[in-house]
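Structure data follow from coords-v8.cif (mmCIF, N, CA and C atoms):
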data_coords
loop_
_atom_site.label_atom_id
_atom_site.label_comp_id
_atom_site.auth_asym_id
_atom_site.auth_seq_id
_atom_site.Cartn_x
_atom_site.Cartn_y
_atom_site.Cartn_z
N MET M 1 -17.22 -29.22 19.70
CA MET M 1 -15.80 -29.46 19.84
C MET M 1 -15.29 -28.86 21.15
N ASN M 2 -15.79 -27.67 21.46
CA ASN M 2 -15.37 -27.05 22.72
C ASN M 2 -15.80 -27.88 23.92
N GLU M 3 -16.97 -28.50 23.81
CA GLU M 3 -17.46 -29.36 24.89
C GLU M 3 -16.52 -30.54 25.09
N ILE M 4 -16.07 -31.13 24.00
CA ILE M 4 -15.16 -32.28 24.08
C ILE M 4 -13.81 -31.85 24.64
N ARG M 5 -13.34 -30.67 24.25
CA ARG M 5 -12.05 -30.19 24.75
C ARG M 5 -12.09 -29.91 26.25
N GLY M 6 -13.30 -29.70 26.77
CA GLY M 6 -13.45 -29.46 28.20
C GLY M 6 -13.43 -30.73 29.03
N LEU M 7 -13.46 -31.88 28.39
CA LEU M 7 -13.43 -33.15 29.10
C LEU M 7 -12.02 -33.46 29.59
N THR M 8 -11.93 -34.38 30.54
CA THR M 8 -10.60 -34.83 30.99
C THR M 8 -9.96 -35.63 29.86
N LEU M 9 -8.68 -35.83 29.97
CA LEU M 9 -7.96 -36.58 28.94
C LEU M 9 -8.50 -38.00 28.81
N GLN M 10 -8.83 -38.63 29.92
CA GLN M 10 -9.39 -39.98 29.86
C GLN M 10 -10.75 -39.97 29.18
N GLU M 11 -11.60 -39.00 29.47
CA GLU M 11 -12.91 -38.90 28.84
C GLU M 11 -12.78 -38.64 27.34
N ARG M 12 -11.81 -37.80 26.99
CA ARG M 12 -11.57 -37.55 25.56
C ARG M 12 -11.09 -38.81 24.86
N ALA M 13 -10.25 -39.59 25.54
CA ALA M 13 -9.76 -40.85 24.96
C ALA M 13 -10.92 -41.82 24.76
N GLU M 14 -11.82 -41.90 25.74
CA GLU M 14 -12.98 -42.78 25.61
C GLU M 14 -13.90 -42.30 24.48
N TYR M 15 -14.07 -41.00 24.38
CA TYR M 15 -14.89 -40.44 23.30
C TYR M 15 -14.26 -40.76 21.94
N TYR M 16 -12.96 -40.58 21.84
CA TYR M 16 -12.23 -40.88 20.60
C TYR M 16 -12.35 -42.36 20.24
N LEU M 17 -12.25 -43.21 21.26
CA LEU M 17 -12.40 -44.65 21.04
C LEU M 17 -13.76 -44.97 20.46
N GLU M 18 -14.81 -44.47 21.08
CA GLU M 18 -16.18 -44.79 20.65
C GLU M 18 -16.54 -44.14 19.32
N GLU M 19 -16.27 -42.85 19.21
CA GLU M 19 -16.77 -42.08 18.07
C GLU M 19 -15.86 -42.10 16.84
N ARG M 20 -14.63 -42.44 17.02
CA ARG M 20 -13.72 -42.45 15.87
C ARG M 20 -13.23 -43.86 15.55
N ILE M 21 -12.59 -44.49 16.51
CA ILE M 21 -11.97 -45.78 16.24
C ILE M 21 -13.02 -46.86 15.96
N ILE M 22 -13.97 -47.02 16.88
CA ILE M 22 -14.98 -48.06 16.70
C ILE M 22 -15.87 -47.76 15.49
N SER M 23 -16.17 -46.49 15.31
CA SER M 23 -16.97 -46.09 14.13
C SER M 23 -16.25 -46.45 12.83
N GLN M 24 -14.97 -46.16 12.76
CA GLN M 24 -14.19 -46.48 11.56
C GLN M 24 -14.09 -47.99 11.37
N LYS M 25 -13.90 -48.72 12.45
CA LYS M 25 -13.80 -50.18 12.36
C LYS M 25 -15.09 -50.76 11.78
N LYS M 26 -16.23 -50.31 12.30
CA LYS M 26 -17.52 -50.80 11.79
C LYS M 26 -17.69 -50.47 10.31
N TRP M 27 -17.31 -49.26 9.93
CA TRP M 27 -17.46 -48.85 8.53
C TRP M 27 -16.61 -49.72 7.61
N TYR M 28 -15.35 -49.94 7.98
CA TYR M 28 -14.46 -50.74 7.14
C TYR M 28 -14.91 -52.20 7.08
N PHE M 29 -15.36 -52.76 8.20
CA PHE M 29 -15.87 -54.13 8.16
C PHE M 29 -17.11 -54.22 7.28
N ALA M 30 -18.00 -53.22 7.36
CA ALA M 30 -19.21 -53.22 6.52
C ALA M 30 -18.84 -53.14 5.04
N LYS M 31 -17.88 -52.29 4.70
CA LYS M 31 -17.45 -52.17 3.30
C LYS M 31 -16.78 -53.46 2.82
N ALA M 32 -16.01 -54.09 3.68
CA ALA M 32 -15.38 -55.37 3.32
C ALA M 32 -16.45 -56.43 3.06
N LYS M 33 -17.44 -56.47 3.93
CA LYS M 33 -18.53 -57.45 3.77
C LYS M 33 -19.30 -57.18 2.47
N TYR M 34 -19.60 -55.93 2.20
CA TYR M 34 -20.32 -55.57 0.98
C TYR M 34 -19.54 -56.00 -0.27
N ASN M 35 -18.26 -55.64 -0.33
CA ASN M 35 -17.45 -55.98 -1.50
C ASN M 35 -17.20 -57.48 -1.61
N GLY M 36 -17.08 -58.16 -0.47
CA GLY M 36 -16.95 -59.61 -0.50
C GLY M 36 -18.20 -60.27 -1.07
N ALA M 37 -19.36 -59.77 -0.67
CA ALA M 37 -20.63 -60.30 -1.19
C ALA M 37 -20.77 -60.04 -2.68
N ARG M 38 -20.39 -58.84 -3.13
CA ARG M 38 -20.45 -58.51 -4.56
C ARG M 38 -19.50 -59.39 -5.36
N SER M 39 -18.31 -59.64 -4.82
CA SER M 39 -17.35 -60.50 -5.50
C SER M 39 -17.90 -61.91 -5.64
N LYS M 40 -18.46 -62.43 -4.57
CA LYS M 40 -19.03 -63.78 -4.60
C LYS M 40 -20.20 -63.84 -5.58
N PHE M 41 -21.07 -62.83 -5.57
CA PHE M 41 -22.23 -62.81 -6.46
C PHE M 41 -21.80 -62.86 -7.93
N TRP M 42 -20.88 -61.95 -8.32
CA TRP M 42 -20.47 -61.90 -9.73
C TRP M 42 -19.68 -63.14 -10.12
N SER M 43 -18.94 -63.72 -9.21
CA SER M 43 -18.25 -64.97 -9.51
C SER M 43 -19.26 -66.09 -9.77
N CYS M 44 -20.32 -66.13 -8.98
CA CYS M 44 -21.38 -67.13 -9.19
C CYS M 44 -22.09 -66.92 -10.52
N VAL M 45 -22.33 -65.66 -10.87
CA VAL M 45 -22.97 -65.35 -12.15
C VAL M 45 -22.11 -65.87 -13.31
N ILE M 46 -20.82 -65.66 -13.22
CA ILE M 46 -19.90 -66.14 -14.25
C ILE M 46 -20.00 -67.66 -14.38
N VAL M 47 -19.95 -68.35 -13.26
CA VAL M 47 -20.02 -69.82 -13.27
C VAL M 47 -21.35 -70.29 -13.85
N VAL M 48 -22.44 -69.65 -13.47
CA VAL M 48 -23.76 -70.05 -13.98
C VAL M 48 -23.81 -69.93 -15.50
N PHE M 49 -23.35 -68.82 -16.04
CA PHE M 49 -23.38 -68.64 -17.49
C PHE M 49 -22.44 -69.61 -18.21
N LEU M 50 -21.30 -69.89 -17.62
CA LEU M 50 -20.39 -70.87 -18.24
C LEU M 50 -20.98 -72.27 -18.20
N VAL M 51 -21.62 -72.62 -17.11
CA VAL M 51 -22.27 -73.94 -17.02
C VAL M 51 -23.41 -74.03 -18.02
N LEU M 52 -24.20 -72.96 -18.14
CA LEU M 52 -25.27 -72.94 -19.14
C LEU M 52 -24.71 -73.12 -20.55
N ALA M 53 -23.61 -72.43 -20.85
CA ALA M 53 -22.99 -72.57 -22.17
C ALA M 53 -22.54 -74.02 -22.40
N LEU M 54 -21.97 -74.63 -21.38
CA LEU M 54 -21.55 -76.03 -21.48
C LEU M 54 -22.75 -76.96 -21.69
N VAL M 55 -23.80 -76.74 -20.93
CA VAL M 55 -25.00 -77.56 -21.06
C VAL M 55 -25.59 -77.42 -22.46
N PHE M 56 -25.71 -76.18 -22.95
CA PHE M 56 -26.25 -75.96 -24.29
C PHE M 56 -25.34 -76.59 -25.36
N SER M 57 -24.03 -76.58 -25.12
CA SER M 57 -23.11 -77.21 -26.07
C SER M 57 -23.32 -78.72 -26.12
N ILE M 58 -23.52 -79.33 -24.98
CA ILE M 58 -23.78 -80.78 -24.92
C ILE M 58 -25.11 -81.11 -25.59
N ILE M 59 -26.13 -80.30 -25.30
CA ILE M 59 -27.44 -80.52 -25.93
C ILE M 59 -27.33 -80.34 -27.44
N ARG M 60 -26.57 -79.36 -27.86
CA ARG M 60 -26.38 -79.12 -29.30
C ARG M 60 -25.72 -80.32 -29.98
N ALA M 61 -24.74 -80.90 -29.29
CA ALA M 61 -24.08 -82.08 -29.85
C ALA M 61 -25.04 -83.26 -29.93
N ALA M 62 -25.94 -83.37 -28.97
CA ALA M 62 -26.90 -84.47 -28.96
C ALA M 62 -28.05 -84.25 -29.94
N TYR M 63 -28.44 -83.00 -30.10
CA TYR M 63 -29.58 -82.67 -30.98
C TYR M 63 -29.18 -81.57 -31.97
N PRO M 64 -28.39 -81.90 -32.97
CA PRO M 64 -27.89 -80.89 -33.90
C PRO M 64 -28.96 -80.33 -34.84
N ASP M 65 -30.13 -80.94 -34.91
CA ASP M 65 -31.17 -80.46 -35.83
C ASP M 65 -31.81 -79.16 -35.37
N PHE M 66 -31.80 -78.93 -34.08
CA PHE M 66 -32.39 -77.68 -33.57
C PHE M 66 -31.50 -76.53 -33.99
N GLU M 67 -32.08 -75.45 -34.48
CA GLU M 67 -31.30 -74.39 -35.10
C GLU M 67 -30.61 -73.44 -34.12
N TYR M 68 -31.23 -73.16 -33.02
CA TYR M 68 -30.65 -72.12 -32.16
C TYR M 68 -30.43 -72.61 -30.73
N TYR M 69 -29.19 -72.45 -30.28
CA TYR M 69 -28.82 -72.69 -28.90
C TYR M 69 -28.13 -71.42 -28.42
N PRO M 70 -28.50 -70.89 -27.26
CA PRO M 70 -27.95 -69.60 -26.81
C PRO M 70 -26.55 -69.69 -26.19
N ILE M 71 -25.70 -70.47 -26.81
CA ILE M 71 -24.33 -70.65 -26.29
C ILE M 71 -23.58 -69.33 -26.34
N ASP M 72 -23.66 -68.64 -27.47
CA ASP M 72 -22.92 -67.39 -27.61
C ASP M 72 -23.42 -66.32 -26.64
N ILE M 73 -24.72 -66.28 -26.37
CA ILE M 73 -25.26 -65.31 -25.42
C ILE M 73 -24.75 -65.62 -24.01
N CYS M 74 -24.72 -66.90 -23.66
CA CYS M 74 -24.21 -67.28 -22.34
C CYS M 74 -22.74 -66.91 -22.18
N LEU M 75 -21.96 -67.14 -23.24
CA LEU M 75 -20.54 -66.77 -23.18
C LEU M 75 -20.36 -65.26 -23.12
N LEU M 76 -21.18 -64.53 -23.86
CA LEU M 76 -21.13 -63.07 -23.83
C LEU M 76 -21.46 -62.55 -22.43
N LEU M 77 -22.53 -63.07 -21.83
CA LEU M 77 -22.92 -62.64 -20.49
C LEU M 77 -21.87 -63.03 -19.44
N SER M 78 -21.25 -64.16 -19.64
CA SER M 78 -20.17 -64.57 -18.74
C SER M 78 -18.98 -63.61 -18.87
N ALA M 79 -18.63 -63.27 -20.09
CA ALA M 79 -17.52 -62.33 -20.32
C ALA M 79 -17.86 -60.96 -19.75
N PHE M 80 -19.11 -60.52 -19.94
CA PHE M 80 -19.52 -59.24 -19.38
C PHE M 80 -19.40 -59.27 -17.86
N SER M 81 -19.87 -60.34 -17.24
CA SER M 81 -19.81 -60.46 -15.78
C SER M 81 -18.37 -60.46 -15.29
N PHE M 82 -17.51 -61.16 -16.01
CA PHE M 82 -16.09 -61.19 -15.63
C PHE M 82 -15.47 -59.79 -15.75
N THR M 83 -15.80 -59.10 -16.82
CA THR M 83 -15.29 -57.74 -17.01
C THR M 83 -15.77 -56.82 -15.90
N TRP M 84 -17.04 -56.94 -15.54
CA TRP M 84 -17.60 -56.12 -14.47
C TRP M 84 -16.91 -56.43 -13.14
N LEU M 85 -16.68 -57.69 -12.87
CA LEU M 85 -16.00 -58.11 -11.65
C LEU M 85 -14.60 -57.52 -11.59
N GLN M 86 -13.88 -57.56 -12.69
CA GLN M 86 -12.52 -57.03 -12.73
C GLN M 86 -12.49 -55.50 -12.67
N THR M 87 -13.45 -54.87 -13.33
CA THR M 87 -13.50 -53.41 -13.35
C THR M 87 -13.81 -52.85 -11.97
N LYS M 88 -14.75 -53.44 -11.30
CA LYS M 88 -15.15 -52.94 -9.98
C LYS M 88 -14.19 -53.35 -8.86
N ARG M 89 -13.34 -54.32 -9.13
CA ARG M 89 -12.31 -54.76 -8.17
C ARG M 89 -12.89 -55.12 -6.80
N PHE M 90 -14.01 -55.82 -6.80
CA PHE M 90 -14.67 -56.17 -5.54
C PHE M 90 -13.76 -56.97 -4.62
N ASN M 91 -13.05 -57.94 -5.16
CA ASN M 91 -12.20 -58.78 -4.33
C ASN M 91 -11.03 -57.99 -3.75
N GLU M 92 -10.44 -57.15 -4.57
CA GLU M 92 -9.33 -56.31 -4.10
C GLU M 92 -9.80 -55.35 -3.01
N LEU M 93 -10.96 -54.75 -3.21
CA LEU M 93 -11.50 -53.83 -2.21
C LEU M 93 -11.85 -54.57 -0.92
N ASN M 94 -12.41 -55.76 -1.05
CA ASN M 94 -12.72 -56.57 0.12
C ASN M 94 -11.46 -56.79 0.95
N THR M 95 -10.39 -57.18 0.30
CA THR M 95 -9.14 -57.44 1.00
C THR M 95 -8.58 -56.18 1.64
N ALA M 96 -8.60 -55.07 0.91
CA ALA M 96 -8.06 -53.81 1.44
C ALA M 96 -8.87 -53.33 2.64
N TYR M 97 -10.20 -53.36 2.52
CA TYR M 97 -11.04 -52.92 3.63
C TYR M 97 -10.90 -53.85 4.84
N LEU M 98 -10.80 -55.14 4.59
CA LEU M 98 -10.65 -56.09 5.68
C LEU M 98 -9.32 -55.88 6.41
N LEU M 99 -8.28 -55.65 5.65
CA LEU M 99 -6.97 -55.39 6.25
C LEU M 99 -7.00 -54.13 7.11
N THR M 100 -7.60 -53.08 6.59
CA THR M 100 -7.70 -51.83 7.35
C THR M 100 -8.56 -52.01 8.59
N ALA M 101 -9.68 -52.72 8.45
CA ALA M 101 -10.55 -52.97 9.61
C ALA M 101 -9.81 -53.75 10.68
N GLN M 102 -8.99 -54.72 10.27
CA GLN M 102 -8.22 -55.49 11.25
C GLN M 102 -7.18 -54.61 11.93
N GLU M 103 -6.55 -53.74 11.16
CA GLU M 103 -5.57 -52.81 11.74
C GLU M 103 -6.26 -51.88 12.76
N ILE M 104 -7.46 -51.43 12.43
CA ILE M 104 -8.20 -50.56 13.35
C ILE M 104 -8.64 -51.35 14.59
N ALA M 105 -9.00 -52.62 14.41
CA ALA M 105 -9.35 -53.46 15.56
C ALA M 105 -8.15 -53.61 16.50
N ASP M 106 -6.96 -53.73 15.93
CA ASP M 106 -5.75 -53.78 16.76
C ASP M 106 -5.54 -52.47 17.51
N ILE M 107 -5.82 -51.36 16.82
CA ILE M 107 -5.71 -50.05 17.45
C ILE M 107 -6.72 -49.94 18.60
N GLU M 108 -7.93 -50.47 18.38
CA GLU M 108 -8.96 -50.44 19.43
C GLU M 108 -8.47 -51.17 20.68
N VAL M 109 -7.88 -52.35 20.48
CA VAL M 109 -7.38 -53.12 21.62
C VAL M 109 -6.31 -52.32 22.36
N GLU M 110 -5.41 -51.73 21.61
CA GLU M 110 -4.34 -50.93 22.24
C GLU M 110 -4.93 -49.73 22.97
N MET M 111 -5.93 -49.09 22.38
CA MET M 111 -6.56 -47.93 23.00
C MET M 111 -7.24 -48.32 24.30
N ARG M 112 -7.92 -49.46 24.31
CA ARG M 112 -8.58 -49.93 25.54
C ARG M 112 -7.56 -50.17 26.65
N GLU M 113 -6.40 -50.70 26.28
CA GLU M 113 -5.34 -50.92 27.27
C GLU M 113 -4.81 -49.59 27.80
N ARG M 114 -4.65 -48.62 26.92
CA ARG M 114 -4.15 -47.32 27.34
C ARG M 114 -5.13 -46.63 28.28
N ILE M 115 -6.43 -46.77 28.00
CA ILE M 115 -7.44 -46.14 28.85
C ILE M 115 -7.42 -46.76 30.24
N LYS M 116 -7.23 -48.08 30.31
CA LYS M 116 -7.18 -48.76 31.61
C LYS M 116 -5.97 -48.31 32.43
N SER M 117 -4.84 -48.20 31.79
CA SER M 117 -3.60 -47.89 32.52
C SER M 117 -3.41 -46.40 32.75
N ILE M 118 -4.20 -45.60 32.11
CA ILE M 118 -4.11 -44.14 32.19
C ILE M 118 -2.68 -43.67 31.98
N ASP M 119 -2.05 -44.24 30.97
CA ASP M 119 -0.70 -43.82 30.58
C ASP M 119 -0.84 -43.00 29.30
N PHE M 120 -0.96 -41.70 29.47
CA PHE M 120 -1.26 -40.83 28.34
C PHE M 120 -0.07 -39.98 27.92
N ASP M 121 1.13 -40.37 28.32
CA ASP M 121 2.30 -39.55 27.98
C ASP M 121 2.47 -39.37 26.48
N ASP M 122 2.27 -40.46 25.75
CA ASP M 122 2.44 -40.39 24.30
C ASP M 122 1.10 -40.45 23.56
N PHE M 123 0.02 -40.03 24.24
CA PHE M 123 -1.31 -40.12 23.65
C PHE M 123 -1.45 -39.34 22.35
N PRO M 124 -0.95 -38.10 22.26
CA PRO M 124 -1.07 -37.38 20.97
C PRO M 124 -0.38 -38.11 19.82
N GLU M 125 0.76 -38.70 20.09
CA GLU M 125 1.46 -39.47 19.06
C GLU M 125 0.67 -40.71 18.67
N PHE M 126 0.05 -41.35 19.67
CA PHE M 126 -0.78 -42.53 19.40
C PHE M 126 -1.97 -42.15 18.52
N MET M 127 -2.62 -41.04 18.82
CA MET M 127 -3.75 -40.57 18.01
C MET M 127 -3.31 -40.26 16.59
N SER M 128 -2.14 -39.70 16.44
CA SER M 128 -1.60 -39.42 15.11
C SER M 128 -1.38 -40.72 14.34
N ASP M 129 -0.88 -41.75 15.01
CA ASP M 129 -0.72 -43.06 14.36
C ASP M 129 -2.07 -43.64 13.95
N CYS M 130 -3.07 -43.45 14.79
CA CYS M 130 -4.42 -43.92 14.46
C CYS M 130 -4.92 -43.24 13.19
N GLU M 131 -4.80 -41.93 13.16
CA GLU M 131 -5.28 -41.17 12.00
C GLU M 131 -4.50 -41.54 10.74
N ASN M 132 -3.23 -41.85 10.88
CA ASN M 132 -2.44 -42.31 9.73
C ASN M 132 -2.98 -43.63 9.20
N ALA M 133 -3.40 -44.50 10.10
CA ALA M 133 -3.97 -45.79 9.66
C ALA M 133 -5.26 -45.55 8.89
N PHE M 134 -6.09 -44.60 9.35
CA PHE M 134 -7.34 -44.30 8.64
C PHE M 134 -7.06 -43.67 7.29
N SER M 135 -6.11 -42.76 7.25
CA SER M 135 -5.86 -42.03 6.00
C SER M 135 -5.09 -42.86 4.98
N ARG M 136 -4.35 -43.88 5.43
CA ARG M 136 -3.59 -44.72 4.51
C ARG M 136 -4.52 -45.40 3.51
N GLU M 137 -5.62 -45.99 3.98
CA GLU M 137 -6.56 -46.64 3.08
C GLU M 137 -7.25 -45.61 2.19
N HIS M 138 -7.56 -44.45 2.76
CA HIS M 138 -8.20 -43.41 1.95
C HIS M 138 -7.27 -42.96 0.82
N THR M 139 -5.99 -42.82 1.11
CA THR M 139 -5.01 -42.44 0.09
C THR M 139 -4.90 -43.50 -0.99
N GLN M 140 -4.90 -44.77 -0.58
CA GLN M 140 -4.84 -45.86 -1.56
C GLN M 140 -6.10 -45.88 -2.42
N TRP M 141 -7.24 -45.60 -1.80
CA TRP M 141 -8.50 -45.57 -2.55
C TRP M 141 -8.45 -44.45 -3.60
N LEU M 142 -7.94 -43.28 -3.22
CA LEU M 142 -7.82 -42.19 -4.19
C LEU M 142 -6.89 -42.56 -5.33
N ALA M 143 -5.80 -43.25 -5.02
CA ALA M 143 -4.86 -43.66 -6.06
C ALA M 143 -5.51 -44.66 -7.01
N ARG M 144 -6.28 -45.60 -6.46
CA ARG M 144 -6.98 -46.57 -7.32
C ARG M 144 -8.00 -45.87 -8.20
N ARG M 145 -8.74 -44.94 -7.62
CA ARG M 145 -9.76 -44.22 -8.38
C ARG M 145 -9.12 -43.39 -9.49
N ASP M 146 -8.01 -42.72 -9.17
CA ASP M 146 -7.32 -41.93 -10.19
C ASP M 146 -6.77 -42.81 -11.31
N SER M 147 -6.28 -44.02 -10.95
CA SER M 147 -5.75 -44.90 -11.99
C SER M 147 -6.86 -45.39 -12.91
N LEU M 148 -8.08 -45.57 -12.38
CA LEU M 148 -9.21 -45.97 -13.22
C LEU M 148 -9.63 -44.83 -14.14
N ASN M 149 -9.54 -43.60 -13.67
CA ASN M 149 -9.95 -42.45 -14.48
C ASN M 149 -9.00 -42.19 -15.63
N THR M 150 -7.76 -42.65 -15.52
CA THR M 150 -6.79 -42.40 -16.59
C THR M 150 -6.85 -43.45 -17.68
N ILE M 151 -7.60 -44.54 -17.42
CA ILE M 151 -7.69 -45.62 -18.43
C ILE M 151 -8.59 -45.22 -19.55
#

How does the structure come out when it is put into structure tokens?
Amino acid sequence: MNEIRGLTLQERAEYYLEERIISQKKWYFAKAKYNGARSKFWSCVIVVFLVLALVFSIIRAAYPDFEYYPIDICLLLSAFSFTWLQTKRFNELNTAYLLTAQEIADIEVEMRERIKSIDFDDFPEFMSDCENAFSREHTQWLARRDSLNTI
């Protein structure tokens, strides 16, 4: 930290850009991608089990002599998958992380402009705004986690 404090203001701004802003942007985009993929996966699982239940229902209507069709198991697995999808809130998390990543990308663009123009008069205030953007999603995440723990 002392080494970084010894840098010029422009060097510190470039370090902050690379090590904080870009790092946070990558992390949020990765989390959005992960949660988006999980949401898509569980949605597909739900559809597959519902289609299987429909197919087994049609076969059952055509061949009623056969004693067992796993319609109820398919519906149960579909309901389980839907419950898991809703409990984990993959789609909601995807949206929240994507929104934060986009906000950080906007901050990155603004930071790059500030570094070019070397206009650092309000740089501490700008950094504070950046940190507020990072902490806003963290605060919302804590609130969501606490609300799940109270259920």

Original post:
Selected by the PyMOL selection byres ((chain M and resi 35) around 8) in the shown coordinates: which residues, as a PyMOL selection string?
Top reply: chain M and resi 29-34+36-41+89-95

Subject >> Evaluate the PyMOL selection byres (((chain M and resi 110 and name CA) around 12) and name CA) and report residues as a list of chain:residue names >> reply: M:Ala13, M:Leu17, M:Ile21, M:Glu103, M:Ile104, M:Ala105, M:Asp106, M:Ile107, M:Glu108, M:Val109, M:Met111, M:Arg112, M:Glu113, M:Arg114, M:Ile115, M:Lys116, M:Ser117, M:Asp119, M:Phe123, M:Phe126, M:Met127, M:Asp129, M:Cys130

Original post:
What separation in Å, quoted to one decimal, exists between CA of Glu67 (chain M) and CA of Cys44 (chain M)?
Top reply: 28.7 Å

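Closest approach to Cys74 (chain M) from the set M:Val48, M:Ala61, M:Gln86, M:Glu131 is made by M:Val48, with distances taken over only N, CA and C atoms.
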
Original post:
Separation of atom C of Phe66 (chain M) and CA of Val51 (chain M), in Å?
Top reply: 19.5 Å

Original post:
Quick one, how far is CA of Asn2 (chain M) from CA of Lys25 (chain M)?
Top reply: 25.4 Å

Reference answer for the PyMOL selection byres ((chain M and resi 78) around 8), as a PDB file with N, CA and C atoms, in the frame of the given file:
ATOM      1  N   VAL M  45     -22.330 -65.660 -10.870  1.00  0.00           N
ATOM      2  CA  VAL M  45     -22.970 -65.350 -12.150  1.00  0.00           C
ATOM      3  C   VAL M  45     -22.110 -65.870 -13.310  1.00  0.00           C
ATOM      4  N   ILE M  46     -20.820 -65.660 -13.220  1.00  0.00           N
ATOM      5  CA  ILE M  46     -19.900 -66.140 -14.250  1.00  0.00           C
ATOM      6  C   ILE M  46     -20.000 -67.660 -14.380  1.00  0.00           C
ATOM      7  N   VAL M  47     -19.950 -68.350 -13.260  1.00  0.00           N
ATOM      8  CA  VAL M  47     -20.020 -69.820 -13.270  1.00  0.00           C
ATOM      9  C   VAL M  47     -21.350 -70.290 -13.850  1.00  0.00           C
ATOM     10  N   VAL M  48     -22.440 -69.650 -13.470  1.00  0.00           N
ATOM     11  CA  VAL M  48     -23.760 -70.050 -13.980  1.00  0.00           C
ATOM     12  C   VAL M  48     -23.810 -69.930 -15.500  1.00  0.00           C
ATOM     13  N   PHE M  49     -23.350 -68.820 -16.040  1.00  0.00           N
ATOM     14  CA  PHE M  49     -23.380 -68.640 -17.490  1.00  0.00           C
ATOM     15  C   PHE M  49     -22.440 -69.610 -18.210  1.00  0.00           C
ATOM     16  N   LEU M  50     -21.300 -69.890 -17.620  1.00  0.00           N
ATOM     17  CA  LEU M  50     -20.390 -70.870 -18.240  1.00  0.00           C
ATOM     18  C   LEU M  50     -20.980 -72.270 -18.200  1.00  0.00           C
ATOM     19  N   ASP M  72     -23.660 -68.640 -27.470  1.00  0.00           N
ATOM     20  CA  ASP M  72     -22.920 -67.390 -27.610  1.00  0.00           C
ATOM     21  C   ASP M  72     -23.420 -66.320 -26.640  1.00  0.00           C
ATOM     22  N   ILE M  73     -24.720 -66.280 -26.370  1.00  0.00           N
ATOM     23  CA  ILE M  73     -25.260 -65.310 -25.420  1.00  0.00           C
ATOM     24  C   ILE M  73     -24.750 -65.620 -24.010  1.00  0.00           C
ATOM     25  N   CYS M  74     -24.720 -66.900 -23.660  1.00  0.00           N
ATOM     26  CA  CYS M  74     -24.210 -67.280 -22.340  1.00  0.00           C
ATOM     27  C   CYS M  74     -22.740 -66.910 -22.180  1.00  0.00           C
ATOM     28  N   LEU M  75     -21.960 -67.140 -23.240  1.00  0.00           N
ATOM     29  CA  LEU M  75     -20.540 -66.770 -23.180  1.00  0.00           C
ATOM     30  C   LEU M  75     -20.360 -65.260 -23.120  1.00  0.00           C
ATOM     31  N   LEU M  76     -21.180 -64.530 -23.860  1.00  0.00           N
ATOM     32  CA  LEU M  76     -21.130 -63.070 -23.830  1.00  0.00           C
ATOM     33  C   LEU M  76     -21.460 -62.550 -22.430  1.00  0.00           C
ATOM     34  N   LEU M  77     -22.530 -63.070 -21.830  1.00  0.00           N
ATOM     35  CA  LEU M  77     -22.920 -62.640 -20.490  1.00  0.00           C
ATOM     36  C   LEU M  77     -21.870 -63.030 -19.440  1.00  0.00           C
ATOM     37  N   ALA M  79     -18.630 -63.270 -20.090  1.00  0.00           N
ATOM     38  CA  ALA M  79     -17.520 -62.330 -20.320  1.00  0.00           C
ATOM     39  C   ALA M  79     -17.860 -60.960 -19.750  1.00  0.00           C
ATOM     40  N   PHE M  80     -19.110 -60.520 -19.940  1.00  0.00           N
ATOM     41  CA  PHE M  80     -19.520 -59.240 -19.380  1.00  0.00           C
ATOM     42  C   PHE M  80     -19.400 -59.270 -17.860  1.00  0.00           C
ATOM     43  N   SER M  81     -19.870 -60.340 -17.240  1.00  0.00           N
ATOM     44  CA  SER M  81     -19.810 -60.460 -15.780  1.00  0.00           C
ATOM     45  C   SER M  81     -18.370 -60.460 -15.290  1.00  0.00           C
ATOM     46  N   PHE M  82     -17.510 -61.160 -16.010  1.00  0.00           N
ATOM     47  CA  PHE M  82     -16.090 -61.190 -15.630  1.00  0.00           C
ATOM     48  C   PHE M  82     -15.470 -59.790 -15.750  1.00  0.00           C
ATOM     49  N   THR M  83     -15.800 -59.100 -16.820  1.00  0.00           N
ATOM     50  CA  THR M  83     -15.290 -57.740 -17.010  1.00  0.00           C
ATOM     51  C   THR M  83     -15.770 -56.820 -15.900  1.00  0.00           C
ATOM     52  N   TRP M  84     -17.040 -56.940 -15.540  1.00  0.00           N
ATOM     53  CA  TRP M  84     -17.600 -56.120 -14.470  1.00  0.00           C
ATOM     54  C   TRP M  84     -16.910 -56.430 -13.140  1.00  0.00           C
TER      55      TRP M  84
END

Can you sort out the box for region 65-72 of chain M, edges along x, y and z, all listed atoms in, 8 Å on every side, with centre and edge lengths in Å to one decimal, as lines of an AutoDock Vina configuration file?
center_x = -27.7
center_y = -73.6
center_z = -31.0
size_x = 25.5
size_y = 30.6
size_z = 25.6
